[in-house]
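Okay, coords.txt is below, compact mmCIF, C-alpha atoms and all ligand atoms:
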```
# COMPACT_ATOMS: atom_id res chain seq x y z
CA MET F 28 41.52 132.25 64.51
CA ASP F 29 45.06 131.13 65.44
CA TYR F 30 43.98 127.92 67.15
CA ILE F 31 41.97 124.85 66.16
CA THR F 32 40.18 122.79 68.78
CA ASP F 33 38.17 120.44 66.56
CA ILE F 34 40.15 117.64 64.88
CA THR F 35 37.53 117.30 62.18
CA GLN F 36 38.89 120.60 60.84
CA ILE F 37 42.22 118.92 60.11
CA PRO F 38 42.21 117.66 56.50
CA TYR F 39 44.34 114.64 57.51
CA PHE F 40 41.54 113.46 59.81
CA HIS F 41 39.32 112.86 56.78
CA SER F 42 41.93 110.59 55.18
CA LEU F 43 41.47 108.10 58.05
CA GLU F 44 39.05 105.19 58.13
CA LYS F 45 35.73 105.83 59.82
CA ARG F 46 36.59 103.42 62.66
CA GLU F 47 39.77 105.32 63.48
CA GLN F 48 37.98 108.66 63.21
CA ASP F 49 35.44 107.46 65.78
CA GLN F 50 38.23 106.28 68.09
CA LEU F 51 40.01 109.62 67.84
CA LEU F 52 36.81 111.51 68.56
CA HIS F 53 36.39 109.31 71.61
CA VAL F 54 39.95 110.20 72.71
CA THR F 55 39.32 113.92 72.30
CA SER F 56 36.09 113.68 74.29
CA GLN F 57 38.34 112.70 77.23
CA TYR F 58 41.54 114.58 76.45
CA PRO F 59 40.81 117.66 74.34
CA PHE F 60 42.61 118.62 71.16
CA ARG F 61 44.06 122.08 70.56
CA ALA F 62 46.70 123.20 68.08
CA SER F 63 47.93 126.44 66.62
CA LYS F 64 47.87 126.96 62.88
CA HIS F 65 51.58 127.69 63.02
CA TYR F 66 52.32 124.31 64.61
CA LEU F 67 50.05 122.43 62.24
CA SER F 68 52.00 123.97 59.35
CA LEU F 69 55.23 122.38 60.66
CA ILE F 70 53.83 118.84 60.45
CA ASN F 71 54.59 116.57 57.53
CA TRP F 72 51.11 115.08 57.09
CA ASN F 73 52.43 112.61 54.50
CA ASN F 74 54.42 110.88 57.22
CA PRO F 75 52.06 108.96 59.54
CA THR F 76 54.79 108.83 62.21
CA ASP F 77 55.84 112.46 61.94
CA PRO F 78 57.16 113.37 65.44
CA LEU F 79 55.45 116.77 65.52
CA LYS F 80 52.16 115.15 64.60
CA ARG F 81 52.72 112.73 67.47
CA ILE F 82 53.16 115.64 69.90
CA ILE F 83 49.82 117.26 69.09
CA PHE F 84 47.55 114.82 67.26
CA PRO F 85 45.51 112.31 69.34
CA ASP F 86 46.57 108.67 69.55
CA THR F 87 44.05 105.87 69.99
CA GLY F 88 46.40 104.39 72.63
CA GLU F 89 45.49 107.26 74.95
CA CYS F 90 42.45 105.24 75.98
CA ASN F 91 44.68 102.50 77.47
CA SER F 92 44.14 102.14 81.16
CA TYR F 93 47.28 103.60 82.72
CA GLY F 94 48.61 106.15 85.16
CA SER F 95 47.13 108.78 87.43
CA GLN F 96 45.83 112.31 86.91
CA ASP F 97 48.40 113.67 89.35
CA PRO F 98 51.52 111.50 88.95
CA SER F 99 53.83 113.82 90.90
CA ARG F 100 51.19 114.29 93.64
CA GLU F 101 51.08 118.03 93.20
CA GLU F 102 47.98 118.14 95.37
CA GLN F 103 50.16 117.21 98.35
CA TYR F 104 52.22 120.40 97.87
CA THR F 105 49.32 122.73 97.05
CA VAL F 106 49.25 125.24 99.89
CA LEU F 107 46.55 127.50 98.43
CA PRO F 108 44.41 127.22 95.29
CA GLY F 109 46.82 127.36 92.34
CA LEU F 110 49.94 127.67 94.53
CA GLN F 111 52.41 124.83 95.15
CA HIS F 112 55.33 125.02 97.56
CA LYS F 113 57.39 121.84 97.37
CA TYR F 114 60.99 123.07 97.64
CA PRO F 115 61.75 125.86 100.15
CA GLN F 116 63.19 128.30 97.59
CA THR F 117 60.57 127.86 94.83
CA ALA F 118 56.85 128.59 94.57
CA LEU F 119 54.79 127.40 91.62
CA LEU F 120 51.78 129.44 90.55
CA LEU F 121 49.29 127.89 88.13
CA LEU F 122 47.92 130.90 86.30
CA SER F 123 46.26 129.45 83.24
CA ASP F 124 44.56 126.27 82.13
CA VAL F 125 45.00 127.00 78.44
CA CYS F 126 48.05 126.46 76.22
CA GLY F 127 49.07 127.32 72.68
CA GLY F 128 48.40 123.66 71.93
CA ILE F 129 47.68 120.62 74.06
CA CYS F 130 50.59 118.19 74.16
CA ARG F 131 49.24 114.66 74.08
CA PHE F 132 51.77 113.58 76.75
CA CYS F 133 51.09 116.49 79.15
CA PHE F 134 51.49 115.48 82.80
CA ARG F 135 48.97 118.13 83.86
CA LYS F 136 46.31 117.05 81.41
CA ARG F 137 43.88 117.07 84.34
CA LEU F 138 43.79 120.86 83.81
CA PHE F 139 42.18 120.35 80.41
CA MET F 140 39.85 117.56 81.45
CA ASP F 141 36.43 117.84 82.94
CA CYS F 142 37.79 118.44 86.47
CA PRO F 143 37.47 121.15 89.11
CA ARG F 144 39.49 124.23 88.21
CA GLN F 145 43.04 124.13 89.65
CA THR F 146 44.44 127.38 88.32
CA VAL F 147 43.77 130.83 89.76
CA ARG F 148 42.44 134.06 88.36
CA ASP F 149 42.68 135.89 91.67
CA TYR F 150 46.24 135.27 92.79
CA SER F 151 46.28 137.81 95.66
CA ASP F 152 46.19 135.17 98.44
CA ALA F 153 48.96 133.26 96.70
CA LEU F 154 51.16 136.36 96.57
CA ASN F 155 50.41 137.12 100.23
CA TYR F 156 51.70 133.62 101.03
CA VAL F 157 54.86 134.31 99.03
CA ARG F 158 55.32 137.66 100.79
CA GLU F 159 55.26 135.89 104.14
CA HIS F 160 57.72 133.14 103.12
CA HIS F 161 61.10 134.79 102.84
CA GLU F 162 62.80 131.52 101.97
CA ILE F 163 61.13 131.71 98.53
CA SER F 164 63.50 133.31 96.02
CA ASN F 165 61.98 131.90 92.79
CA ILE F 166 58.45 131.97 91.44
CA LEU F 167 57.57 129.70 88.55
CA LEU F 168 54.55 130.91 86.59
CA SER F 169 53.00 127.91 84.93
CA GLY F 170 49.70 126.24 84.09
CA GLY F 171 48.77 125.78 81.29
CA ASP F 172 50.80 128.42 79.55
CA PRO F 173 51.10 131.86 81.21
CA LEU F 174 51.85 133.46 77.82
CA ILE F 175 48.27 132.72 76.83
CA LEU F 176 47.35 135.58 79.19
CA SER F 177 47.23 139.08 77.76
CA THR F 178 50.34 141.19 78.21
CA PRO F 179 48.54 143.79 80.38
CA ARG F 180 47.48 140.98 82.72
CA LEU F 181 51.00 139.52 82.81
CA LYS F 182 52.36 142.99 83.42
CA LYS F 183 50.16 143.39 86.50
CA ILE F 184 51.20 140.00 87.91
CA ILE F 185 54.91 140.47 87.22
CA HIS F 186 54.84 144.00 88.59
CA GLU F 187 53.31 142.73 91.85
CA ILE F 188 55.88 139.94 92.11
CA ARG F 189 58.71 142.39 91.48
CA GLY F 190 57.39 144.30 94.49
CA ILE F 191 58.34 141.35 96.72
CA GLU F 192 61.91 142.05 97.72
CA HIS F 193 63.03 138.44 98.35
CA ILE F 194 61.90 137.16 94.95
CA ARG F 195 64.95 137.22 92.71
CA ILE F 196 63.93 134.98 89.82
CA ILE F 197 60.63 134.87 87.96
CA ARG F 198 60.37 131.83 85.72
CA ILE F 199 57.78 131.60 82.97
CA GLY F 200 57.10 128.03 81.82
CA THR F 201 55.94 128.17 78.21
CA LYS F 202 55.68 126.14 75.04
CA MET F 203 54.55 129.20 73.11
CA LEU F 204 57.98 129.46 71.46
CA ALA F 205 57.14 126.22 69.67
CA TYR F 206 53.36 126.50 69.37
CA ASN F 207 52.94 130.17 68.54
CA PRO F 208 56.16 132.22 68.40
CA TYR F 209 54.11 135.08 66.94
CA ARG F 210 52.82 135.61 70.49
CA ILE F 211 56.28 137.06 71.13
CA THR F 212 57.33 138.44 67.75
CA ASP F 213 54.07 140.38 67.28
CA ASP F 214 53.99 141.89 70.76
CA GLN F 215 56.66 144.49 71.47
CA GLU F 216 54.92 145.24 74.77
CA LEU F 217 55.80 141.74 76.02
CA CYS F 218 59.52 142.24 75.37
CA ASP F 219 59.29 145.69 76.97
CA LEU F 220 57.79 144.02 80.03
CA ILE F 221 60.69 141.53 80.20
CA THR F 222 63.16 144.41 80.00
CA ALA F 223 61.36 146.46 82.63
CA ALA F 224 61.19 143.49 85.03
CA SER F 225 64.84 142.44 84.60
CA THR F 226 67.75 143.96 86.44
CA ALA F 227 71.38 142.98 86.82
CA GLU F 228 70.45 141.17 90.02
CA LYS F 229 66.94 139.92 89.27
CA LYS F 230 66.28 137.96 86.11
CA ILE F 231 63.36 136.53 84.20
CA TYR F 232 63.88 132.96 83.04
CA ILE F 233 61.87 131.57 80.16
CA MET F 234 61.50 127.83 80.66
CA ALA F 235 60.98 126.79 77.04
CA HIS F 236 59.60 123.43 76.00
CA PHE F 237 60.99 122.09 72.75
CA ASN F 238 60.75 118.32 72.35
CA HIS F 239 62.06 117.92 68.83
CA PRO F 240 64.56 119.96 66.77
CA ARG F 241 62.00 120.63 64.02
CA GLU F 242 59.85 122.55 66.49
CA ILE F 243 62.58 125.21 66.55
CA SER F 244 61.27 127.05 63.51
CA PRO F 245 62.79 130.26 62.08
CA GLN F 246 59.96 132.12 63.82
CA SER F 247 60.91 130.41 67.11
CA ILE F 248 64.51 131.50 66.69
CA THR F 249 63.43 135.10 66.06
CA ALA F 250 61.22 135.02 69.16
CA ILE F 251 64.03 133.58 71.31
CA ASP F 252 66.41 136.23 70.06
CA LEU F 253 63.93 138.98 70.96
CA LEU F 254 63.47 137.57 74.46
CA GLN F 255 67.21 137.26 74.98
CA ARG F 256 67.81 140.83 73.77
CA ALA F 257 65.04 141.97 76.13
CA GLY F 258 67.07 140.48 79.01
CA ALA F 259 65.48 137.06 79.54
CA VAL F 260 67.49 133.91 80.16
CA VAL F 261 66.02 131.11 78.05
CA VAL F 262 66.46 127.45 79.03
CA ASN F 263 64.72 124.31 77.78
CA GLN F 264 63.14 121.26 79.30
CA THR F 265 61.65 118.21 77.61
CA PRO F 266 60.55 114.73 78.48
CA VAL F 267 61.82 111.70 76.57
CA ILE F 268 58.77 110.83 74.46
CA GLU F 269 58.32 107.58 72.54
CA GLY F 270 58.34 108.25 68.81
CA VAL F 271 59.36 111.90 69.22
CA ASN F 272 62.90 112.08 70.57
CA THR F 273 63.83 108.48 71.37
CA ASP F 274 66.34 108.35 68.54
CA PRO F 275 69.63 109.50 70.14
CA ALA F 276 70.52 111.37 66.92
CA VAL F 277 67.28 113.37 67.21
CA MET F 278 67.81 114.08 70.91
CA ALA F 279 71.39 115.16 70.16
CA ASP F 280 70.14 117.39 67.35
CA LEU F 281 67.67 119.04 69.72
CA LEU F 282 70.31 119.67 72.40
CA ARG F 283 72.85 120.93 69.87
CA LYS F 284 70.39 123.24 68.11
CA LEU F 285 69.36 124.70 71.48
CA SER F 286 72.99 125.35 72.39
CA PHE F 287 73.62 127.08 69.04
CA ILE F 288 70.88 129.62 69.75
CA GLY F 289 71.99 130.25 73.32
CA VAL F 290 69.26 128.19 75.01
CA SER F 291 70.63 126.06 77.81
CA PRO F 292 69.30 122.47 77.91
CA TYR F 293 68.13 122.35 81.52
CA TYR F 294 66.13 119.21 82.33
CA VAL F 295 65.33 116.09 80.33
CA PHE F 296 62.51 114.35 82.15
CA GLN F 297 61.37 110.79 82.40
CA CYS F 298 57.79 110.83 81.06
CA ARG F 299 55.50 110.74 84.09
CA PRO F 300 52.95 107.95 84.54
CA THR F 301 50.01 110.18 83.70
CA VAL F 302 46.60 108.94 82.76
CA GLY F 303 46.39 108.30 79.00
CA ASN F 304 50.15 108.59 78.52
CA GLU F 305 51.32 104.97 78.37
CA VAL F 306 52.02 105.14 74.65
CA PHE F 307 54.38 108.09 75.14
CA THR F 308 56.44 106.64 77.98
CA VAL F 309 59.83 105.01 77.63
CA PRO F 310 61.43 102.73 80.26
CA VAL F 311 63.80 104.63 82.57
CA GLU F 312 66.91 102.69 81.59
CA ARG F 313 66.22 103.13 77.90
CA SER F 314 65.72 106.85 78.43
CA TYR F 315 69.04 106.97 80.25
CA GLN F 316 70.78 105.15 77.39
CA ILE F 317 69.21 107.53 74.84
CA MET F 318 70.59 110.47 76.81
CA GLN F 319 74.06 108.97 77.15
CA SER F 320 74.16 108.15 73.45
CA ALA F 321 72.92 111.67 72.57
CA PHE F 322 75.49 113.24 74.90
CA GLU F 323 78.30 111.51 72.98
CA ARG F 324 77.39 113.72 69.99
CA CYS F 325 77.17 116.95 72.00
CA SER F 326 79.54 119.68 73.11
CA GLY F 327 79.72 120.40 76.83
CA LEU F 328 77.31 123.31 76.32
CA ALA F 329 74.72 121.07 74.66
CA LYS F 330 74.84 118.42 77.39
CA ARG F 331 74.16 120.59 80.40
CA ALA F 332 70.75 118.92 80.83
CA ARG F 333 70.22 116.50 83.68
CA PHE F 334 68.08 113.41 83.23
CA ILE F 335 65.46 113.62 85.97
CA ILE F 336 62.55 111.63 87.34
CA SER F 337 60.23 114.31 88.72
CA HIS F 338 58.87 112.25 91.58
CA SER F 339 56.48 113.25 94.35
CA THR F 340 59.45 113.21 96.76
CA GLY F 341 61.69 115.38 94.60
CA LYS F 342 63.71 115.55 91.42
CA ILE F 343 65.65 112.31 91.25
CA GLU F 344 68.58 112.25 88.88
CA VAL F 345 69.58 109.01 87.21
CA VAL F 346 73.36 109.32 87.45
CA GLY F 347 74.54 105.96 86.20
CA GLN F 348 73.77 102.47 85.10
CA ASN F 349 75.62 99.24 84.51
CA LYS F 350 74.33 95.84 83.43
CA HIS F 351 73.22 95.00 86.97
CA ASN F 352 72.27 98.28 88.62
CA VAL F 353 70.85 101.76 88.33
CA PHE F 354 72.29 104.62 90.42
CA LEU F 355 70.19 107.59 91.48
CA ARG F 356 70.40 110.65 93.71
CA TYR F 357 68.15 113.52 94.75
CA HIS F 358 68.78 116.67 92.74
CA GLN F 359 65.92 118.46 94.53
CA ALA F 360 64.21 117.04 97.57
CA ALA F 361 60.95 117.96 99.27
CA ASP F 362 62.45 116.52 102.48
CA SER F 363 65.97 117.86 102.90
CA ARG F 364 67.11 114.59 104.55
CA ASP F 365 66.80 112.97 101.11
CA TYR F 366 69.80 114.97 99.90
CA GLN F 367 71.87 112.60 102.00
CA LYS F 368 70.67 109.61 100.01
CA PHE F 369 72.46 107.93 97.19
CA MET F 370 70.33 105.12 95.78
CA ILE F 371 71.16 101.87 94.07
CA SER F 372 68.65 99.48 92.54
CA GLN F 373 68.85 96.24 90.67
CA SER F 374 68.34 96.91 86.99
CA ASN F 375 64.71 96.70 85.85
CA PRO F 376 64.46 97.27 82.09
CA GLU F 377 60.66 97.46 82.40
CA ALA F 378 60.69 100.22 85.03
CA ARG F 379 58.96 103.38 83.82
CA TRP F 380 58.98 105.28 87.09
CA PHE F 381 60.99 105.54 90.30
CA ASP F 382 58.33 103.56 92.18
CA ASP F 383 59.08 100.55 89.95
CA TYR F 384 62.51 100.39 91.62
CA LEU F 385 61.15 100.29 95.18
CA PRO F 386 62.26 99.07 97.65
CA ILE F 387 65.60 100.65 96.86
CA THR F 388 68.97 100.53 98.62
CA HIS F 389 69.85 103.86 100.24
CA ILE F 390 73.37 104.78 101.07
CA ASP F 391 73.20 107.61 103.57
CA SER F 392 76.67 109.09 103.48
CA PRO F 393 77.15 110.97 100.25
CA PHE F 394 80.27 112.79 101.32
CA HIS F 395 82.32 109.74 102.16
CA GLU F 396 84.00 107.01 100.26
CA LEU F 397 81.78 103.98 99.86
CA LEU F 398 82.72 100.42 99.18
CA TYR F 399 80.22 98.58 97.03
CA ASP F 400 81.53 95.11 97.48
CA SER F 401 78.96 93.18 99.43
CA ASP F 402 75.74 93.40 97.44
CA PRO F 403 75.55 90.81 94.64
CA GLY F 404 75.16 92.56 91.33
CA ILE F 405 76.79 95.76 92.51
CA GLU F 406 80.23 96.06 91.07
CA SER F 407 83.04 96.00 93.55
CA ARG F 408 84.59 99.41 93.46
CA THR F 409 85.19 102.51 95.48
CA ALA F 410 83.28 105.65 94.69
CA THR F 411 83.70 109.16 95.97
CA LEU F 412 80.31 110.78 95.90
S1 LIG F 501 52.38 123.25 76.91
FE1 LIG F 501 52.89 122.32 78.89
S2 LIG F 501 51.03 122.52 80.16
FE2 LIG F 501 50.46 122.87 78.00
S3 LIG F 501 49.81 120.89 77.25
FE3 LIG F 501 51.97 121.06 76.76
S4 LIG F 501 53.02 120.11 78.50
FE4 LIG F 501 50.93 120.53 79.15
```

Please lay out the structure from this file as structure tokens.
Ligand code: SF4
Amino acid sequence: MDYITDITQIPYFHSLEKREQDQLLHVTSQYPFRASKHYLSLINWNNPTDPLKRIIFPDTGECNSYGSQDPSREEQYTVLPGLQHKYPQTALLLLSDVCGGICRFCFRKRLFMDCPRQTVRDYSDALNYVREHHEISNILLSGGDPLILSTPRLKKIIHEIRGIEHIRIIRIGTKMLAYNPYRITDDQELCDLITAASTAEKKIYIMAHFNHPREISPQSITAIDLLQRAGAVVVNQTPVIEGVNTDPAVMADLLRKLSFIGVSPYYVFQCRPTVGNEVFTVPVERSYQIMQSAFERCSGLAKRARFIISHSTGKIEVVGQNKHNVFLRYHQAADSRDYQKFMISQSNPEARWFDDYLPITHIDSPFHELLYDSDPGIESRTATL
């Protein structure tokens, strides 16, 4: 078996005191454990704070009372079971509620909990919706991890999507390149599928999920190379996670290593206020500083990522900070009027989410010169937005 779902099978577990073992079993009764043997082999079990262990191994702090099961209010944008339509051009299809491992900080951990099923096996209604909405040019296949599905099943889904003329981009959100790269390297049929479904004008994007440079194993690099040769565009997204990539040198290493292997750093996310995730979150302004400090060590290609708060109203980019204020703008907005907003807040070093900055000052004219000289704490200067 490639996967382990019982932490008592991990030798390290038996090195812990009975009290801690009981606490961890309590955690996994709420938020399940799952790891691939490949990933477990990357962990340095002699280091209690090993960042890869932190990504996959339960933490007693997960029982802290914190956060919501749906921090980005995905339910609000769910138009049919398993189908979200938040931004006009993009549809999100939740195909699987299983992953190659379960990240402790997952923002969709509700999928793995004892909750009603939110992914779909029969996606025909969802695709009918997409067929009728010509403004949709991108489909993001997500979950869970779509690469947990068999290749014949993926082939059927992707073939049907390719039959919809207005869909140009199919994105596959996956952490399999970190958790189980053999899923790609041992399956020629998968790469053949990528090639068959890619044309000069219609691409497949693999939205990879590496959080730490050590996750990019030699097997991962081989798998990425195969996908790229098959015609896929591979990009990466990661949250800033306490104890995993909060050292700017580590974040820089991750971004640089990705750029070396032709994987574009796409988004770096603020950790969402998800139930059980308090111990993994980092205040917004500290996350921003980590990114700025990491960027100083990166080439232009390695710092293409944007630092984003993936809020229920849209993707909000933190674009600047000084000792008094934080500056934000909408990178993607569910309500197109929000694109007109540039936002300024008083600094709040404790803020872990956009809502902690509310109420916020909106400046509604992004294409004009603005004079910030009246609000105390906002530096007097002219900015062209
Ligand atoms: S791979 Fe993605 S969906 Fe799966 S547990 Fe990790 S963050 Fe969540």

Measuring atom to atom with only C-alpha atoms, identify which of F:Leu119, F:Ile248, F:Val106, F:Ile268 is nearest to Phe296 in chain F.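 Of all the options, F:Ile268 lies closest to Phe296 in chain F.
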
Quick one: 6 Å padding each side, axis-aligned, all listed atoms of ligand LIG 501 (chain F) - centre and edge lengths in Å to one decimal, as lines of an AutoDock Vina configuration file?
```
center_x = 51.4
center_y = 121.7
center_z = 78.5
size_x = 15.2
size_y = 15.1
size_z = 15.4
```

Please identify every polymer residue within 8 Å of ligand LIG 501 (chain F), using all atoms listed in the file, and present the set as a ChimeraX atom specification. /F:124-136,169-172,200-203,236

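We find CA of Gly270 in chain F and CA of Leu43 in chain F to be spaced 20.0 Å apart.
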
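Across the structure, CA of Tyr66 in chain F and CA of Lys80 in chain F are spaced 9.2 Å apart.
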
In terms of the shortest atom-to-atom distance over all atoms listed in the file, which of F:Ala279, F:Val295, F:Pro310, F:Ser363 is closest to Cys325 in chain F? F:Ala279

Mind checking which residues fall within 7 Å of His358 in chain F, counting all atoms listed in the file, ignoring those fewer than 2 positions away in the same chain, and posting them as a PDB file with C-alpha atoms, in the coordinates of the input?
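Below is the file that was written, result.pdb:
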```pdb
ATOM      1  CA  LYS F 342      63.710 115.550  91.420  1.00  0.00           C
ATOM      2  CA  ILE F 343      65.650 112.310  91.250  1.00  0.00           C
ATOM      3  CA  GLU F 344      68.580 112.250  88.880  1.00  0.00           C
ATOM      4  CA  ARG F 356      70.400 110.650  93.710  1.00  0.00           C
ATOM      5  CA  ALA F 360      64.210 117.040  97.570  1.00  0.00           C
TER       6      ALA F 360
END
```

I want to know what sits within 9 Å of Thr340 in chain F, based on only C-alpha atoms, with residues of the same chain fewer than 6 positions away left out; could you give that as a PDB file with C-alpha atoms, keeping the file's coordinate frame?
```pdb
ATOM      1  CA  SER F  99      53.830 113.820  90.900  1.00  0.00           C
ATOM      2  CA  ARG F 100      51.190 114.290  93.640  1.00  0.00           C
ATOM      3  CA  LYS F 113      57.390 121.840  97.370  1.00  0.00           C
ATOM      4  CA  TYR F 357      68.150 113.520  94.750  1.00  0.00           C
ATOM      5  CA  GLN F 359      65.920 118.460  94.530  1.00  0.00           C
ATOM      6  CA  ALA F 360      64.210 117.040  97.570  1.00  0.00           C
ATOM      7  CA  ALA F 361      60.950 117.960  99.270  1.00  0.00           C
ATOM      8  CA  ASP F 362      62.450 116.520 102.480  1.00  0.00           C
ATOM      9  CA  ASP F 365      66.800 112.970 101.110  1.00  0.00           C
TER      10      ASP F 365
END
```

Val290 in chain F proximity check over F:His351, F:Arg331, F:Arg313, F:Arg46, using only C-alpha atoms: winner is F:Arg331

Would you list the contacts of Gln103 in chain F as a short mmCIF file (atom, residue, chain, number, x, y, z; two decimals) with C-alpha atoms, in the coordinates of the input, taking every protein, DNA or RNA residue within 12 Å and counting only C-alpha atoms, but skipping same-chain residues closer than 5 positions in sequence?
```cif
data_model
loop_
_atom_site.label_atom_id
_atom_site.label_comp_id
_atom_site.auth_asym_id
_atom_site.auth_seq_id
_atom_site.Cartn_x
_atom_site.Cartn_y
_atom_site.Cartn_z
CA ASP F 97 48.40 113.67 89.35
CA PRO F 98 51.52 111.50 88.95
CA PRO F 108 44.41 127.22 95.29
CA LEU F 110 49.94 127.67 94.53
CA GLN F 111 52.41 124.83 95.15
CA HIS F 112 55.33 125.02 97.56
CA LYS F 113 57.39 121.84 97.37
CA SER F 339 56.48 113.25 94.35
CA THR F 340 59.45 113.21 96.76
CA ALA F 361 60.95 117.96 99.27
#
```
